[in-house]
Amino acid sequence: MSSVGGVYLESRLKFLRQVQNPDGGWGYFPGKQSWFEPTTYAMLALHGTPGSGDSLERAWKLLRSWQTPDGSSRPNGQVEGGTWVTAQAITLACVRGVYDEQVRSSVNWLLRVVGAETSLAMRTAAFFHLLKTKADFSHQGWPWRDGNAAWIEPTVQALLALKKVAKKYPSSELDRRVREGEAQILSRKCSDGGWNCGNPNVLNYDLPSYPETTALALLGLQGRSREELADPLAVAVRYRAETRSSLARAWLVIALRCHSGDPEPAGRDENGSADIMLSALEALGHPEGNFGLLRTGAAG
Amino acid sequence: MTRRQFIPLAGIAATAGYASLKLQKPPKVPDGPAGNSAVAIVRARSYSEDLVSHMLEGVRQCGLDVRGKRVLLKPNLVEFDSATVINTDASIIAAAVELFHRLGASEVKIGEGPGHRRDTLDLADDAGYRSTIPKFESLFTDLNRDDVAAVHGFAGEPEFYFAKTVLAADLIVSLAKMKTHHWAGATLSMKNFFGLVPGSIYGWPKNKLHYIGIPESVVELNRTFRNTFAIVDGVIGMEGNGPIQGTPKHSGVLVMGSDLVAVDATCCRIMGIDPEKVDYLRMAADLGHVHPGRIEQRGETVASVQSNFALIEEFQHLRLA
């Protein structure tokens with residue numbers, strides 16, 4: 001496998017193979033509890049690589065065992081109740097070509113869950129400027145946990161999942177939620193052209209965007225017109241050059257590649273860090289990495 | 001009544017209710033637990049002074065004994081912006097590590113789970129923690145992504161999860177920054193405990209805490225974790241539109257104590273904020289002391305170091321008369 005720009009895909013993949021937990025999952029750091037999120041990114045990074053079949057199968061079985069009766073997935077085997085990682089279960093199922101009742105149940109859960117800020121009471125309060133935040137609460141995005149408000153990152157994860165699964169489980173409701181999710185992201189754009197967690201303004205003060213959430217928002221908005229995304233893409237390119245966050249750099253590279261850009265790879269050295277999620281994202285964003293697994297088309 | 005008629009009426013009613021609440025004089029804060037609380041105010045004019053000695057002076061004035069204890073230092077690490085004063089200064093944390101080792105703690109660790117930015121390690125790097133704090137990487141845990149265990153009954157939840165590093169500590173030391181805050185009025189040692197809640201479960205931001213209620217969550221976290229001590233970094237705090245977009249405010253003090261309610265009430269008075277008008281302090285009155293008569297001020301007096309922090313319009317009503 002070749003190296004590009006001093007970044008070494010093989011070293012990241014080797015590290016991921018070495019630090020898989022005995023239960024089949026990956027922790028955020030070596031030797032720690034397995035979590036759904038780093039397991040998802042490690043699985044995506046290793047997908048299709050030689051000799052990874054058994055380890056990916058064990059990981060997949062573990063994640064499937066974390067599904068709850070309502071269709072949602074738990075973020076960790078020790079935690080009761082499902083969260084936003086349910087979207088990642090769907091994305092992984094699509095990557096693995098699994099479309100069964102468990103996946104259908106995850107999709108149904110995701111379609112049921114909406115950000116609590118879209119309730120009539122909250123929208124009324126927002127209309128009369130009784131809230132400290134100034135945002136459009138009319139669009140339905142996704143929360144980190146059911147019963148909370150919608151934010152950029154869980155909304156992006158839901159959009160990736162639903163856009164991927166749309167052809168297998170087509171419905172007008174799925175199409176509507178994708179359109180709503182995209183509208184929610186667009187409505188939360190910061191005045192500087194990027195995105196933060198999802199609060200562009202508090203008490204009439206504009207808040208700045210973050211590089212990593214700008215990258216994630218662009219992933220969620222794949223399929224929108226180039227004209228519509230021209231400014232945020234320019235912001236992402238600038239952030240790619242300036243950010244001091246390795247995580248942000250990794251997400252920016254993936255997002256720019258998914259939008260047909262060709263950014264410098266994210267990693268800075270051969271050895272990488274002990275951060276498993278970061279290593280997986282750096283591997284995904286490598287020119288020869290699996291970033292294409294996060295590519296989606298437009299809304300259904 | 002149609003929905004179209006209902007919405008404006010509901011809005012008017014809510015507006016009127018909100019306005020009347022803001023105009024009402026808040027009821028008297030309850031007396032608090034038995035006994036008095038010691039709070040030390042120690043002058044530290046800059047971060048280049050001998051901070052270990054300053055902290056040692058304050059800790060002794062408060063009578064803290066940490067011998068044989070596992071100590072977790074909890075700084076306030078928020079944002080990539082080393083040019084400003086958003087984060088607890090690295091020299092404060094380095095001094096605290098040395099202090100608690102010197103005082104005989106069996107273990108001193110550092111843990112933080114930032115509320116918005118997910119790249120905790122690079123955030124710490126950017127804030128100068130890696131370069132200033134010896135062996136930083138071996139001491140530090142990202143509380144957002146640590147192993148977790150459940151606590152039962154937190155805010156009425158059957159299970160609420162915390163990082164195991166937090167649950168294993170014998171003493172949690174809140175190394176907070178003295179700042180104004182656009183949601184809570186002020187962010188000091190008690191609100192700093194938001195960073196104990198794992199983002200891997202509750203998200204970025206930890207929106208579950210917002211739905212419980214910000215003041216309610218501050219109180220509940222401090223009710224859950226009672227073996228605590230506070231060292232508030234008021235050497236250079238933040239005024240105006242804190243906790244991120246405000247401006248530096250030199251106060252030249254460290255404020256310390258085991259009663260975090262009393263520490264925060266003292267910090268408020270130093271900042272020119274009436275602690276009896278700060279929601280979370282009013283609600284925490286059964287945990288510690290807000291009344292000045294019940295706080296034994298050690299070291300400097302409040303009056304000798306008091307300097308009003310600028311408040312945004314929303315919080316002008318908090319100004320100490």
# chains A, B, ... in the order shown; residues from 1 in each chain; ligands from 1
>>> residues_around(residues="Ala250 (chain A)", least_positions_apart="4", cutoff="10 Å", atoms="only C-alpha atoms", output="JSON, numbers by chain")
{"A": [212, 215, 240, 245, 246, 254, 255, 265, 266, 267, 278, 279, 280, 281, 282, 283, 284, 285, 286]}
>>> select_by_dssp(residues="region 196-225 of chain A", states="helix (DSSP H, G or I)", output="number ranges by chain")
A: 211-220
>>> select_by_dssp(residues="region 222-315 of chain B", states="strand (DSSP E)", output="VMD selection string")
chain B and resid 228 to 239 247 to 257 295 to 299
>>> residues_around(residues="Arg223 (chain B)", least_positions_apart="3", cutoff="10 Å", atoms="only C-alpha atoms", output="ChimeraX atom specification")
/B:154-155,217-220,226-227,284,286-287
>>> write_last_selection(atoms="C-alpha atoms", output="CSV table (one decimal), in the first residue's frame")
chain,number,residue,atom,x,y,z
B,154,PHE,CA,-29.5,11.4,39.6
B,155,ALA,CA,-32.1,14.0,38.9
B,217,SER,CA,-28.2,20.2,37.0
B,218,VAL,CA,-25.5,22.3,38.7
B,219,VAL,CA,-27.1,21.5,42.1
B,220,GLU,CA,-27.7,17.8,41.3
B,226,ARG,CA,-19.8,15.8,47.9
B,227,ASN,CA,-16.1,15.1,48.5
B,284,ALA,CA,-28.1,24.9,46.4
B,286,ASP,CA,-29.1,23.2,51.5
B,287,LEU,CA,-25.6,22.1,50.3
>>> residues_around(residues="region 264-271 of chain B", least_positions_apart="4", cutoff="8 Å", atoms="only C-alpha atoms", output="ChimeraX atom specification")
/B:39,178,186,188-190,255,260,275,281,289-290,302-303,305-309,320
>>> interface_residues(of="chain B", to="chain A", cutoff="6 Å", atoms="only C-alpha atoms", output="count of residues only")
4
>>> residues_around(residues="region 183-191 of chain A", least_positions_apart="3", cutoff="6 Å", atoms="only C-alpha atoms", output="PDB file with C-alpha atoms, in the first residue's frame")
ATOM      1  CA  HIS A 139     -37.350  21.940  11.029  1.00  0.00           C
ATOM      2  CA  GLY A 141     -33.559  17.273  13.056  1.00  0.00           C
ATOM      3  CA  GLU A 180     -36.327  18.447   7.052  1.00  0.00           C
ATOM      4  CA  GLY A 194     -19.700  27.269   8.945  1.00  0.00           C
ATOM      5  CA  TRP A 195     -21.466  25.357  11.688  1.00  0.00           C
ATOM      6  CA  GLY A 198     -26.133  23.913  16.363  1.00  0.00           C
ATOM      7  CA  PRO A 200     -25.632  30.061  15.814  1.00  0.00           C
ATOM      8  CA  SER A 209     -18.535  27.902  13.856  1.00  0.00           C
TER       9      SER A 209
END
>>> atom_distance(atom1="CA of Pro205 (chain B)", atom2="CA of His116 (chain B)")
5.2 Å
>>> atom_distance(atom1="CA of Lys74 (chain B)", atom2="CA of Gly156 (chain B)")
25.0 Å
>>> residues_around(residues="Gly234 (chain B)", least_positions_apart="3", cutoff="10 Å", atoms="only C-alpha atoms", output="PyMOL selection string")
chain B and resi 41-46+88-89+176-179+188+231+237-238+249-255+267+270-271
>>> write_last_selection(atoms="C-alpha atoms", output="CSV table (one decimal), in the first residue's frame")
chain,number,residue,atom,x,y,z
B,41,ILE,CA,-9.1,34.4,49.2
B,42,VAL,CA,-5.4,34.5,48.3
B,43,ARG,CA,-3.8,37.2,46.2
B,44,ALA,CA,-2.0,36.0,43.0
B,45,ARG,CA,-1.3,38.9,40.8
B,46,SER,CA,0.0,36.8,37.9
B,88,THR,CA,-8.3,27.4,33.4
B,89,ASP,CA,-4.7,28.5,33.0
B,176,ALA,CA,-12.7,26.6,37.7
B,177,LYS,CA,-12.2,29.9,36.0
B,178,MET,CA,-13.9,33.0,37.3
B,179,LYS,CA,-16.2,33.9,34.4
B,188,LEU,CA,-17.5,29.1,38.8
B,231,ILE,CA,-9.7,26.4,43.6
B,237,GLY,CA,-11.1,36.0,34.8
B,238,MET,CA,-13.6,36.8,32.1
B,249,LYS,CA,-10.7,40.7,33.7
B,250,HIS,CA,-7.7,40.8,36.0
B,251,SER,CA,-8.8,40.1,39.6
B,252,GLY,CA,-5.5,38.7,40.9
B,253,VAL,CA,-7.0,36.2,43.3
B,254,LEU,CA,-7.4,32.5,44.0
B,255,VAL,CA,-10.6,31.5,45.9
B,267,CYS,CA,-16.5,34.7,43.9
B,270,ILE,CA,-15.8,39.6,44.3
B,271,MET,CA,-17.3,40.0,40.8
>>> atom_distance(atom1="CA of Pro243 (chain B)", atom2="CA of Asn204 (chain A)")
15.0 Å
